[in-house]
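One structure is given here, and the rest of the page talks about it.
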Amino acid sequence: MQPKAEELELHYAEAPQDISLADIDLDHLPAHISIIMDGNGRWATKQGLKRAAGHMAGVDALREIITSCVRLGIDVLSAYAFSTENWHRPQEEVDMLMHLFATTLINELPLFDQENVKLVFLGDLTSLPQETRDVFQEGLDHTSDHTGMVLALAVNYGSRAEIARAARELALEVVNGERDANSIDPEAIASHLYTAGLPDPDLLIRTSGELRLSNYLLFQLAYSEFYITPVLWPDFDRWDLLRAIASFQGRDRRFGGVEEA
Ligand code: FPP
């Protein structure tokens, strides 16, 4: 996607000392950036606040990163908001998060309009509370004809469940005579994942310093570059995003091959 130069310069004015827009090659940006937004709870605890305050600050961080990605001309931004394992959190926190997802989406629809952002969801939405499902559906309908950056929010998402679901669907196609079992290749599996039609992430960012994937996009991240930062998600800002992109651009991506002479 073609970034608008003036808006981008303005968005990235007043650079800190260690990074600026000039450190980034705008012609070689990652097409798909994916983020494991971690550290909301620790951020809140550090400030003597309740965990809910950390999640609310996390929404502000996400808004800044959505805008930054749009300004840069990133094609796809995906973010892990709620895993299939997050249901094990205290009920009060789960309820709070589900309500926060709904209110955030409603509040951000004008931003999605203004920035032409198209919303998609990764995950099984059927077991979400009705309020959250209704608002998510409204977000999908509202942005379905948007042609700008795709924002893929992973909610009630678990990669193993996603792969098992793809296997079930492919098995059914074989049983129903719609497909030959020998035609099941990586592309066939990819076409049955929630991310079907989206490019694989080029860059995975995980905040808060944890060195694990937490059941996130296990199939899709096969050749992604990882950027792990100790910054807690609510503190992650547009400059941290540039630092991540600068690191990505310093990598030698060989996809299992060898460097060309
Ligand atoms: C991880 O921090 C963060 C979450 C489980 C929730 C992330 C959600 C948002 C930022 C809101 C996104 C909004 C929409 C509309 C999808 P943690 O609680 O695991 O932090 P900790 O590891 O420090 O406890």
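Residue names in the structure tokens use chain letters A, B, ... in the order shown, residue numbers from 1 in each chain, and ligand numbers from 1 in the order shown.
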
What residues of the protein or nucleic acid chains come within 6 Å of ligand 1 when you use only C-alpha atoms and all ligand atoms? Reply as a PDB file with N, CA and C atoms, in the first residue's frame.
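Below you can see pocket_5.pdb, which holds the result:
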ATOM      1  N   MET A  37       0.237  -8.920  22.041  1.00  0.00           N
ATOM      2  CA  MET A  37       0.182  -7.745  22.930  1.00  0.00           C
ATOM      3  C   MET A  37       0.221  -8.240  24.369  1.00  0.00           C
ATOM      4  N   ASP A  38       1.387  -8.249  24.977  1.00  0.00           N
ATOM      5  CA  ASP A  38       1.524  -8.845  26.308  1.00  0.00           C
ATOM      6  C   ASP A  38       2.043  -7.818  27.311  1.00  0.00           C
ATOM      7  N   GLY A  39       1.605  -7.963  28.555  1.00  0.00           N
ATOM      8  CA  GLY A  39       2.150  -7.128  29.632  1.00  0.00           C
ATOM      9  C   GLY A  39       1.185  -6.098  30.199  1.00  0.00           C
ATOM     10  N   ASN A  40      -0.091  -6.171  29.797  1.00  0.00           N
ATOM     11  CA  ASN A  40      -1.058  -5.201  30.331  1.00  0.00           C
ATOM     12  C   ASN A  40      -1.176  -5.290  31.853  1.00  0.00           C
ATOM     13  N   GLY A  41      -1.249  -6.537  32.343  1.00  0.00           N
ATOM     14  CA  GLY A  41      -1.417  -6.737  33.790  1.00  0.00           C
ATOM     15  C   GLY A  41      -0.215  -6.226  34.557  1.00  0.00           C
ATOM     16  N   ARG A  42       0.989  -6.572  34.071  1.00  0.00           N
ATOM     17  CA  ARG A  42       2.207  -6.117  34.761  1.00  0.00           C
ATOM     18  C   ARG A  42       2.338  -4.603  34.717  1.00  0.00           C
ATOM     19  N   HIS A  55      -5.491  -3.156  30.672  1.00  0.00           N
ATOM     20  CA  HIS A  55      -6.138  -3.514  29.405  1.00  0.00           C
ATOM     21  C   HIS A  55      -6.653  -2.265  28.693  1.00  0.00           C
ATOM     22  N   GLY A  58      -3.937  -0.676  27.135  1.00  0.00           N
ATOM     23  CA  GLY A  58      -3.566  -1.500  25.975  1.00  0.00           C
ATOM     24  C   GLY A  58      -4.371  -1.125  24.739  1.00  0.00           C
ATOM     25  N   VAL A  59      -5.608  -0.723  24.935  1.00  0.00           N
ATOM     26  CA  VAL A  59      -6.433  -0.280  23.802  1.00  0.00           C
ATOM     27  C   VAL A  59      -5.831   0.988  23.185  1.00  0.00           C
ATOM     28  N   ALA A  81      -5.623 -10.756  20.826  1.00  0.00           N
ATOM     29  CA  ALA A  81      -6.340 -10.058  21.898  1.00  0.00           C
ATOM     30  C   ALA A  81      -6.820 -11.007  22.997  1.00  0.00           C
ATOM     31  N   PHE A  82      -7.187 -12.252  22.622  1.00  0.00           N
ATOM     32  CA  PHE A  82      -7.751 -13.178  23.626  1.00  0.00           C
ATOM     33  C   PHE A  82      -7.572 -14.601  23.116  1.00  0.00           C
ATOM     34  N   PHE A 101     -13.747  -5.237  24.617  1.00  0.00           N
ATOM     35  CA  PHE A 101     -13.656  -5.495  23.164  1.00  0.00           C
ATOM     36  C   PHE A 101     -14.847  -4.845  22.450  1.00  0.00           C
ATOM     37  N   THR A 104     -14.705  -0.944  22.665  1.00  0.00           N
ATOM     38  CA  THR A 104     -13.599  -0.448  21.849  1.00  0.00           C
ATOM     39  C   THR A 104     -13.983  -0.456  20.374  1.00  0.00           C
ATOM     40  N   LEU A 105     -14.569  -1.582  19.951  1.00  0.00           N
ATOM     41  CA  LEU A 105     -14.908  -1.677  18.527  1.00  0.00           C
ATOM     42  C   LEU A 105     -15.904  -0.612  18.100  1.00  0.00           C
ATOM     43  N   LEU A 153      -8.063  -9.233  14.148  1.00  0.00           N
ATOM     44  CA  LEU A 153      -8.020  -9.359  15.606  1.00  0.00           C
ATOM     45  C   LEU A 153      -8.261 -10.815  15.989  1.00  0.00           C
TER      46      LEU A 153
END

Select from stretch 79-203 of chain A everything DSSP, run on the backbone, classes as strand (DSSP E), then give the selection as a list in words. Ala79, Tyr80, Ala81, Phe82, Ser83, Lys118, Leu119, Val120, Phe121, Leu122, Val150, Leu151, Ala152, Leu153, Ala154, Val155, Asn156, Tyr157 and Leu203 of chain A

Atoms to include: N, CA, C and O atoms. Write the selected residues as a PDB file, in the first residue's frame.
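Saved file part-v5.pdb follows:
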ATOM      1  N   ALA A  79      -3.355  -8.901  15.535  1.00  0.00           N
ATOM      2  CA  ALA A  79      -3.032  -8.745  16.960  1.00  0.00           C
ATOM      3  C   ALA A  79      -3.799  -9.785  17.767  1.00  0.00           C
ATOM      4  O   ALA A  79      -4.968 -10.064  17.502  1.00  0.00           O
ATOM      5  N   TYR A  80      -3.087 -10.350  18.763  1.00  0.00           N
ATOM      6  CA  TYR A  80      -3.641 -11.416  19.612  1.00  0.00           C
ATOM      7  C   TYR A  80      -4.307 -10.750  20.813  1.00  0.00           C
ATOM      8  O   TYR A  80      -3.620 -10.237  21.697  1.00  0.00           O
ATOM      9  N   ALA A  81      -5.623 -10.756  20.826  1.00  0.00           N
ATOM     10  CA  ALA A  81      -6.340 -10.058  21.898  1.00  0.00           C
ATOM     11  C   ALA A  81      -6.820 -11.007  22.997  1.00  0.00           C
ATOM     12  O   ALA A  81      -6.888 -10.629  24.166  1.00  0.00           O
ATOM     13  N   PHE A  82      -7.187 -12.252  22.622  1.00  0.00           N
ATOM     14  CA  PHE A  82      -7.751 -13.178  23.626  1.00  0.00           C
ATOM     15  C   PHE A  82      -7.572 -14.601  23.116  1.00  0.00           C
ATOM     16  O   PHE A  82      -8.039 -14.949  22.031  1.00  0.00           O
ATOM     17  N   SER A  83      -6.879 -15.417  23.904  1.00  0.00           N
ATOM     18  CA  SER A  83      -6.604 -16.785  23.462  1.00  0.00           C
ATOM     19  C   SER A  83      -7.662 -17.742  24.003  1.00  0.00           C
ATOM     20  O   SER A  83      -8.408 -17.411  24.935  1.00  0.00           O
ATOM     21  N   LYS A 118     -10.119  -2.350   7.105  1.00  0.00           N
ATOM     22  CA  LYS A 118     -11.067  -3.473   6.995  1.00  0.00           C
ATOM     23  C   LYS A 118     -10.799  -4.449   8.145  1.00  0.00           C
ATOM     24  O   LYS A 118      -9.668  -4.899   8.335  1.00  0.00           O
ATOM     25  N   LEU A 119     -11.852  -4.745   8.873  1.00  0.00           N
ATOM     26  CA  LEU A 119     -11.730  -5.585  10.057  1.00  0.00           C
ATOM     27  C   LEU A 119     -12.008  -7.049   9.722  1.00  0.00           C
ATOM     28  O   LEU A 119     -12.952  -7.349   8.981  1.00  0.00           O
ATOM     29  N   VAL A 120     -11.180  -7.945  10.228  1.00  0.00           N
ATOM     30  CA  VAL A 120     -11.508  -9.375  10.191  1.00  0.00           C
ATOM     31  C   VAL A 120     -11.173  -9.964  11.562  1.00  0.00           C
ATOM     32  O   VAL A 120     -10.421  -9.369  12.327  1.00  0.00           O
ATOM     33  N   PHE A 121     -11.758 -11.107  11.861  1.00  0.00           N
ATOM     34  CA  PHE A 121     -11.472 -11.762  13.137  1.00  0.00           C
ATOM     35  C   PHE A 121     -10.846 -13.124  12.885  1.00  0.00           C
ATOM     36  O   PHE A 121     -11.211 -13.820  11.932  1.00  0.00           O
ATOM     37  N   LEU A 122      -9.919 -13.497  13.743  1.00  0.00           N
ATOM     38  CA  LEU A 122      -9.339 -14.832  13.727  1.00  0.00           C
ATOM     39  C   LEU A 122      -9.797 -15.506  15.017  1.00  0.00           C
ATOM     40  O   LEU A 122      -9.559 -14.963  16.101  1.00  0.00           O
ATOM     41  N   VAL A 150      -5.868  -4.247   6.329  1.00  0.00           N
ATOM     42  CA  VAL A 150      -6.679  -5.254   7.020  1.00  0.00           C
ATOM     43  C   VAL A 150      -6.201  -5.334   8.468  1.00  0.00           C
ATOM     44  O   VAL A 150      -5.002  -5.475   8.734  1.00  0.00           O
ATOM     45  N   LEU A 151      -7.149  -5.193   9.396  1.00  0.00           N
ATOM     46  CA  LEU A 151      -6.855  -5.369  10.819  1.00  0.00           C
ATOM     47  C   LEU A 151      -7.474  -6.697  11.235  1.00  0.00           C
ATOM     48  O   LEU A 151      -8.700  -6.850  11.226  1.00  0.00           O
ATOM     49  N   ALA A 152      -6.631  -7.670  11.564  1.00  0.00           N
ATOM     50  CA  ALA A 152      -7.113  -9.008  11.934  1.00  0.00           C
ATOM     51  C   ALA A 152      -6.955  -9.173  13.445  1.00  0.00           C
ATOM     52  O   ALA A 152      -5.833  -9.232  13.955  1.00  0.00           O
ATOM     53  N   LEU A 153      -8.063  -9.233  14.148  1.00  0.00           N
ATOM     54  CA  LEU A 153      -8.020  -9.359  15.606  1.00  0.00           C
ATOM     55  C   LEU A 153      -8.261 -10.815  15.989  1.00  0.00           C
ATOM     56  O   LEU A 153      -9.293 -11.398  15.614  1.00  0.00           O
ATOM     57  N   ALA A 154      -7.322 -11.390  16.701  1.00  0.00           N
ATOM     58  CA  ALA A 154      -7.455 -12.784  17.139  1.00  0.00           C
ATOM     59  C   ALA A 154      -8.164 -12.789  18.490  1.00  0.00           C
ATOM     60  O   ALA A 154      -7.617 -12.322  19.493  1.00  0.00           O
ATOM     61  N   VAL A 155      -9.385 -13.305  18.498  1.00  0.00           N
ATOM     62  CA  VAL A 155     -10.201 -13.327  19.717  1.00  0.00           C
ATOM     63  C   VAL A 155     -10.775 -14.737  19.872  1.00  0.00           C
ATOM     64  O   VAL A 155     -11.347 -15.277  18.932  1.00  0.00           O
ATOM     65  N   ASN A 156     -10.626 -15.305  21.062  1.00  0.00           N
ATOM     66  CA  ASN A 156     -10.908 -16.723  21.279  1.00  0.00           C
ATOM     67  C   ASN A 156     -10.185 -17.536  20.208  1.00  0.00           C
ATOM     68  O   ASN A 156     -10.763 -18.382  19.548  1.00  0.00           O
ATOM     69  N   TYR A 157      -8.912 -17.220  20.064  1.00  0.00           N
ATOM     70  CA  TYR A 157      -8.071 -17.861  19.046  1.00  0.00           C
ATOM     71  C   TYR A 157      -7.078 -18.815  19.714  1.00  0.00           C
ATOM     72  O   TYR A 157      -6.458 -18.480  20.725  1.00  0.00           O
ATOM     73  N   LEU A 203       6.659 -10.203  10.053  1.00  0.00           N
ATOM     74  CA  LEU A 203       7.270  -9.781  11.317  1.00  0.00           C
ATOM     75  C   LEU A 203       6.307 -10.064  12.457  1.00  0.00           C
ATOM     76  O   LEU A 203       5.147  -9.643  12.413  1.00  0.00           O
TER      77      LEU A 203
END

Close residues, A:Gly148 itself excluded, 9 Å, only C-alpha atoms, min 3 positions apart in chain, as a list in words: Met1, Val70, Gly73, Asp75, Glu115, Asn116, Val117 and Lys118 of chain A

Those same residues - N, CA and C atoms - I'd like them written as a compact mmCIF listing (two decimals), in the first residue's frame.
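File out-v8.txt, as written:
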# COMPACT_ATOMS: atom_id res chain seq x y z
N MET A 1 0.84 -1.19 0.00
CA MET A 1 0.00 0.00 0.00
C MET A 1 0.87 1.24 0.00
N VAL A 70 -1.17 2.19 9.36
CA VAL A 70 -1.86 2.79 8.22
C VAL A 70 -0.97 3.84 7.58
N GLY A 73 1.69 2.38 5.52
CA GLY A 73 1.22 1.65 4.35
C GLY A 73 1.35 0.14 4.50
N ASP A 75 0.08 -3.56 4.82
CA ASP A 75 -1.13 -4.19 4.25
C ASP A 75 -2.00 -4.86 5.32
N GLU A 115 -9.71 5.83 8.20
CA GLU A 115 -8.47 5.24 7.70
C GLU A 115 -8.71 4.10 6.72
N ASN A 116 -10.00 3.84 6.39
CA ASN A 116 -10.33 2.81 5.39
C ASN A 116 -9.88 1.41 5.83
N VAL A 117 -9.89 1.16 7.15
CA VAL A 117 -9.41 -0.12 7.70
C VAL A 117 -10.50 -1.18 7.59
N LYS A 118 -10.12 -2.35 7.11
CA LYS A 118 -11.07 -3.47 7.00
C LYS A 118 -10.80 -4.45 8.14

With DSSP run on the backbone, what are the alpha helix (DSSP H) residues within stretch 43-257 of chain A? I'd like them as number ranges by chain. A: 43-46, 51-72, 91-115, 130-143, 159-175, 186-190, 238-249

C-alpha atoms of the current selection, written as a short mmCIF file (atom, residue, chain, number, x, y, z; two decimals), in the first residue's frame:
data_model
loop_
_atom_site.label_atom_id
_atom_site.label_comp_id
_atom_site.auth_asym_id
_atom_site.auth_seq_id
_atom_site.Cartn_x
_atom_site.Cartn_y
_atom_site.Cartn_z
CA TRP A 43 1.99 -2.54 33.51
CA ALA A 44 -1.04 -1.92 35.73
CA THR A 45 0.55 -3.59 38.77
CA LYS A 46 3.67 -1.47 38.34
CA ARG A 51 -5.40 -5.11 35.78
CA ALA A 52 -8.43 -3.60 34.00
CA ALA A 53 -6.56 -0.28 33.79
CA GLY A 54 -3.75 -2.11 31.99
CA HIS A 55 -6.14 -3.51 29.40
CA MET A 56 -7.67 -0.07 28.86
CA ALA A 57 -4.19 1.40 28.37
CA GLY A 58 -3.57 -1.50 25.98
CA VAL A 59 -6.43 -0.28 23.80
CA ASP A 60 -4.75 3.14 23.53
CA ALA A 61 -1.51 1.44 22.47
CA LEU A 62 -3.35 -0.61 19.86
CA ARG A 63 -5.00 2.53 18.45
CA GLU A 64 -1.59 4.21 18.08
CA ILE A 65 -0.13 1.16 16.34
CA ILE A 66 -3.13 0.83 13.99
CA THR A 67 -2.70 4.48 12.96
CA SER A 68 1.07 4.07 12.59
CA CYS A 69 0.67 0.98 10.40
CA VAL A 70 -1.86 2.79 8.22
CA ARG A 71 0.50 5.78 7.87
CA LEU A 72 3.36 3.46 6.91
CA GLN A 91 -14.43 -14.44 35.56
CA GLU A 92 -14.37 -10.74 36.45
CA GLU A 93 -11.39 -10.15 34.13
CA VAL A 94 -12.92 -12.22 31.30
CA ASP A 95 -16.18 -10.24 31.57
CA MET A 96 -14.25 -7.00 31.64
CA LEU A 97 -12.26 -7.92 28.54
CA MET A 98 -15.34 -9.03 26.58
CA HIS A 99 -17.07 -5.75 27.40
CA LEU A 100 -13.90 -3.80 26.57
CA PHE A 101 -13.66 -5.49 23.16
CA ALA A 102 -17.27 -4.50 22.40
CA THR A 103 -16.98 -0.87 23.55
CA THR A 104 -13.60 -0.45 21.85
CA LEU A 105 -14.91 -1.68 18.53
CA ILE A 106 -17.92 0.64 18.63
CA ASN A 107 -15.70 3.59 19.59
CA GLU A 108 -13.15 2.88 16.87
CA LEU A 109 -15.56 2.54 13.93
CA PRO A 110 -15.06 6.23 12.98
CA LEU A 111 -11.29 5.62 12.93
CA PHE A 112 -11.79 2.56 10.70
CA ASP A 113 -13.91 4.71 8.38
CA GLN A 114 -11.42 7.56 8.33
CA GLU A 115 -8.47 5.24 7.70
CA GLN A 130 -23.91 -12.05 22.66
CA GLU A 131 -23.06 -8.35 23.18
CA THR A 132 -19.51 -8.90 21.93
CA ARG A 133 -20.64 -11.06 19.00
CA ASP A 134 -23.22 -8.49 17.91
CA VAL A 135 -20.69 -5.65 17.99
CA PHE A 136 -18.09 -7.76 16.16
CA GLN A 137 -20.67 -8.52 13.45
CA GLU A 138 -21.47 -4.81 13.23
CA GLY A 139 -17.73 -4.09 12.83
CA LEU A 140 -17.46 -6.71 10.07
CA ASP A 141 -20.50 -5.36 8.20
CA HIS A 142 -19.42 -1.76 8.69
CA THR A 143 -15.94 -2.26 7.25
CA SER A 159 -3.63 -22.21 16.81
CA ARG A 160 -3.93 -25.91 17.62
CA ALA A 161 -7.74 -25.67 17.58
CA GLU A 162 -7.50 -23.75 14.28
CA ILE A 163 -5.37 -26.48 12.67
CA ALA A 164 -7.66 -29.23 14.04
CA ARG A 165 -10.65 -27.36 12.55
CA ALA A 166 -8.90 -27.16 9.17
CA ALA A 167 -8.16 -30.91 9.33
CA ARG A 168 -11.82 -31.66 10.13
CA GLU A 169 -13.05 -29.54 7.23
CA LEU A 170 -10.61 -31.15 4.79
CA ALA A 171 -11.53 -34.63 6.04
CA LEU A 172 -15.20 -33.85 5.42
CA GLU A 173 -14.41 -32.71 1.87
CA VAL A 174 -12.68 -36.07 1.27
CA VAL A 175 -15.54 -38.06 2.84
CA PRO A 186 0.17 -26.89 2.88
CA GLU A 187 -1.83 -24.54 0.61
CA ALA A 188 -5.00 -26.60 1.17
CA ILE A 189 -4.49 -26.39 4.94
CA ALA A 190 -3.77 -22.64 4.74
CA ARG A 238 5.01 4.31 17.20
CA TRP A 239 8.76 4.51 17.86
CA ASP A 240 8.89 0.96 19.19
CA LEU A 241 7.15 -0.06 15.99
CA LEU A 242 9.89 1.65 13.95
CA ARG A 243 12.54 -0.09 16.08
CA ALA A 244 10.90 -3.43 15.31
CA ILE A 245 10.76 -2.64 11.58
CA ALA A 246 14.40 -1.48 11.57
CA SER A 247 15.40 -4.76 13.22
CA PHE A 248 13.33 -6.71 10.66
CA GLN A 249 15.03 -4.86 7.80
#

One number please: atom CA of A:Ala31 to atom CA of A:Asn86, in Å, one decimal.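 Taking atom CA of A:Ala31 as the start and atom CA of A:Asn86 as the end point, the length is 28.5 Å.
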
Which distance in Å separates atom CA of A:Asp200 and atom CA of A:Ile36, to one decimal?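 According to the coordinates, atom CA of A:Asp200 and atom CA of A:Ile36 are separated by 15.0 Å.
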
Please indicate the distance in Å from atom CA of A:Asp145 to atom CA of A:Asp124, rounded to one decimal place.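 Separation between atom CA of A:Asp145 and atom CA of A:Asp124: 22.6 Å.
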
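Ranking A:Glu259, A:Phe219, A:Gly209, A:Ile228 by their shortest atom-to-atom distance to A:Ser191, with only C-alpha atoms included, puts A:Phe219 first.
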
List the spatial neighbours of A:Ala222 as a list in words - criterion: any atom at most 10 Å away, only C-alpha atoms, same-chain residues fewer than 6 positions off excluded.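 So, after excluding close chain neighbours, the residues are Asp200, Pro201, Asp202 and Phe255 of chain A.
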